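As structure tokens, the structure follows; a few thoughts come after it.
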Amino acid sequence: MTVFSKRDMIFVLLAGIFVTNAIIGELIGGKLIQLGPLTMSVGVIPWPIVFLTTDLINEFYGRHGVRRLSFVTAGLIVYTFVILYLAMIVPTASFSPVTDEQFRAVFGQSMWIIVGSLIAFIVSQLIDVSIFWAVRDRTGHGMLWLRSTGSTVISQLVDTFIVLGIAFWLPGKITTSEFLALSTTNYSYKLILAIALTPVIYAGHSLIQKYLG
């Protein structure tokens, strides 16, 4: 019988959190919310967790670990896209509490989100890994905050504009000025959270180190 090591268990846990939050972000991203004068996609709620797990996987499992997990997650996003498409073309029963129109109104919007997010996800993850390791190669094991926050700040700038551009601007759901305002707001939110999560990254890093011994 194969026994998982502590290192395997941590990777499975981080990978599960990573994949779950990435797919949730895809499914709920079509809803726009208003926070005072600011408009954002509700999909920004789970993405900080993706940033956090990306940095921890980068730190303990290297660039290859993040790249492989990113491509696996992209494949699962495509799988989600296929299942949603099949679910939308299957007609509802006459007594279904959710009509075809209601279902399509929610998950049909997610189709554009998924296409945009899939492209943005791969591009931003590859940028994140490259920057993270470029900084680590120069600073060694110190300055975790710099490689963590720095990689997130740049990769999420790219991610935000790509996903919102494909999901909302290209299909004509929002104007160019709305797209720029929405992208700026979403990115600002991610930037603030990237900085705010720095203590959490250090805490997670410390806990994993102690667990692994």
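Chain labels A, B, ... are given in the sequence in which chains occur in the structure tokens; within each chain residues are numbered consecutively from 1, and ligands are likewise numbered from 1 in the order shown.
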Fill in: All residues 7 Å or closer to region 183-194 of chain A, only C-alpha atoms, same chain fewer than 2 positions away omitted, as a ChimeraX atom specification
/A:38-40,48,149,152-153,156-157,160-161,164,179-181,196-198
Generate the output file for the selected residues, N, CA and C atoms, as a PDB file, in the first residue's frame.
```pdb
ATOM      1  N   LEU A  38     -17.545  51.914  -6.739  1.00  0.00           N
ATOM      2  CA  LEU A  38     -16.724  50.958  -7.473  1.00  0.00           C
ATOM      3  C   LEU A  38     -17.543  49.772  -7.975  1.00  0.00           C
ATOM      4  N   THR A  39     -17.267  49.346  -9.212  1.00  0.00           N
ATOM      5  CA  THR A  39     -17.909  48.171  -9.796  1.00  0.00           C
ATOM      6  C   THR A  39     -16.858  47.093 -10.011  1.00  0.00           C
ATOM      7  N   MET A  40     -17.174  45.874  -9.537  1.00  0.00           N
ATOM      8  CA  MET A  40     -16.241  44.761  -9.683  1.00  0.00           C
ATOM      9  C   MET A  40     -16.994  43.490 -10.024  1.00  0.00           C
ATOM     10  N   PRO A  48      -7.910  35.837  -4.628  1.00  0.00           N
ATOM     11  CA  PRO A  48      -6.776  36.019  -3.707  1.00  0.00           C
ATOM     12  C   PRO A  48      -6.278  34.705  -3.114  1.00  0.00           C
ATOM     13  N   THR A 149       4.671  39.220  -3.448  1.00  0.00           N
ATOM     14  CA  THR A 149       3.861  40.372  -3.836  1.00  0.00           C
ATOM     15  C   THR A 149       4.222  40.869  -5.231  1.00  0.00           C
ATOM     16  N   THR A 152       2.740  38.678  -7.968  1.00  0.00           N
ATOM     17  CA  THR A 152       1.279  38.816  -8.016  1.00  0.00           C
ATOM     18  C   THR A 152       0.872  40.154  -8.626  1.00  0.00           C
ATOM     19  N   VAL A 153       1.545  41.216  -8.236  1.00  0.00           N
ATOM     20  CA  VAL A 153       1.208  42.552  -8.722  1.00  0.00           C
ATOM     21  C   VAL A 153       1.282  42.616 -10.252  1.00  0.00           C
ATOM     22  N   GLN A 156      -1.203  39.775 -12.093  1.00  0.00           N
ATOM     23  CA  GLN A 156      -2.629  40.075 -12.012  1.00  0.00           C
ATOM     24  C   GLN A 156      -3.028  41.320 -12.803  1.00  0.00           C
ATOM     25  N   LEU A 157      -2.063  42.188 -13.104  1.00  0.00           N
ATOM     26  CA  LEU A 157      -2.341  43.295 -14.014  1.00  0.00           C
ATOM     27  C   LEU A 157      -2.695  42.734 -15.386  1.00  0.00           C
ATOM     28  N   THR A 160      -6.122  40.629 -15.181  1.00  0.00           N
ATOM     29  CA  THR A 160      -7.340  41.444 -15.067  1.00  0.00           C
ATOM     30  C   THR A 160      -7.785  42.008 -16.411  1.00  0.00           C
ATOM     31  N   PHE A 161      -6.859  42.591 -17.153  1.00  0.00           N
ATOM     32  CA  PHE A 161      -7.226  43.218 -18.421  1.00  0.00           C
ATOM     33  C   PHE A 161      -7.590  42.189 -19.489  1.00  0.00           C
ATOM     34  N   LEU A 164     -11.265  40.477 -18.360  1.00  0.00           N
ATOM     35  CA  LEU A 164     -12.396  41.390 -18.499  1.00  0.00           C
ATOM     36  C   LEU A 164     -12.569  41.846 -19.945  1.00  0.00           C
ATOM     37  N   PHE A 179     -15.014  49.300 -19.481  1.00  0.00           N
ATOM     38  CA  PHE A 179     -13.998  48.249 -19.398  1.00  0.00           C
ATOM     39  C   PHE A 179     -12.754  48.748 -18.665  1.00  0.00           C
ATOM     40  N   LEU A 180     -12.291  49.951 -19.023  1.00  0.00           N
ATOM     41  CA  LEU A 180     -11.101  50.500 -18.380  1.00  0.00           C
ATOM     42  C   LEU A 180     -11.356  50.776 -16.898  1.00  0.00           C
ATOM     43  N   ALA A 181     -12.540  51.300 -16.596  1.00  0.00           N
ATOM     44  CA  ALA A 181     -12.875  51.588 -15.197  1.00  0.00           C
ATOM     45  C   ALA A 181     -12.998  50.297 -14.391  1.00  0.00           C
ATOM     46  N   ALA A 196      -2.134  42.960   1.498  1.00  0.00           N
ATOM     47  CA  ALA A 196      -2.741  42.574   2.772  1.00  0.00           C
ATOM     48  C   ALA A 196      -2.487  41.111   3.119  1.00  0.00           C
ATOM     49  N   LEU A 197      -2.351  40.266   2.099  1.00  0.00           N
ATOM     50  CA  LEU A 197      -2.153  38.832   2.341  1.00  0.00           C
ATOM     51  C   LEU A 197      -0.711  38.460   2.670  1.00  0.00           C
ATOM     52  N   THR A 198       0.201  39.433   2.623  1.00  0.00           N
ATOM     53  CA  THR A 198       1.609  39.139   2.894  1.00  0.00           C
ATOM     54  C   THR A 198       1.815  38.454   4.244  1.00  0.00           C
TER      55      THR A 198
END
```
Write out as a JSON list (two decimals) with N, CA, C and O atoms, in the first residue's frame the residues lying within 10 Å of Thr92 (chain A), counting only C-alpha atoms and excluding same-chain residues fewer than 6 positions away.
```json
[["chain", "number", "residue", "atom", "x", "y", "z"],
["A", 98, "VAL", "N", -36.00, 25.58, -12.14],
["A", 98, "VAL", "CA", -35.10, 26.46, -12.89],
["A", 98, "VAL", "C", -35.37, 26.27, -14.38],
["A", 98, "VAL", "O", -35.28, 25.16, -14.90],
["A", 99, "THR", "N", -35.74, 27.36, -15.05],
["A", 99, "THR", "CA", -36.04, 27.26, -16.49],
["A", 99, "THR", "C", -34.76, 27.28, -17.32],
["A", 99, "THR", "O", -33.69, 27.63, -16.82],
["A", 100, "ASP", "N", -34.90, 26.93, -18.61],
["A", 100, "ASP", "CA", -33.75, 27.00, -19.51],
["A", 100, "ASP", "C", -33.19, 28.41, -19.59],
["A", 100, "ASP", "O", -31.97, 28.62, -19.60],
["A", 101, "GLU", "N", -34.09, 29.40, -19.64],
["A", 101, "GLU", "CA", -33.68, 30.80, -19.76],
["A", 101, "GLU", "C", -32.90, 31.25, -18.53],
["A", 101, "GLU", "O", -31.89, 31.95, -18.63],
["A", 103, "PHE", "N", -31.27, 29.33, -16.42],
["A", 103, "PHE", "CA", -30.00, 28.60, -16.38],
["A", 103, "PHE", "C", -28.98, 29.23, -17.33],
["A", 103, "PHE", "O", -27.82, 29.43, -16.98]]
```
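Distances to Tyr61 (chain A) were evaluated for A:Ala93, A:Leu27, A:Val129, A:Val19 using only C-alpha atoms, and the minimum falls at A:Val129.
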Discussion item. Quick one: residues within 10 Å of Leu144 (chain A), only C-alpha atoms, excluding same-chain residues fewer than 2 positions away - as a list in words?
Written reply: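 Surrounding residues, per the criterion: Asp55, Glu59, Phe132, Val135, Arg136, Thr139, Gly140, His141, Gly142, Leu146, Arg147, Ser148, Thr149, Gly150, Thr198, Ile201, Tyr202 and His205 of chain A.
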Worksheet item: Between A:Phe51, A:Phe18, A:Phe11, A:Phe4, which has the minimum distance to Leu76 (chain A) (counting only C-alpha atoms)?
Response: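 Ranking A:Phe51, A:Phe18, A:Phe11, A:Phe4 by distance to Leu76 (chain A), first place goes to A:Phe18.
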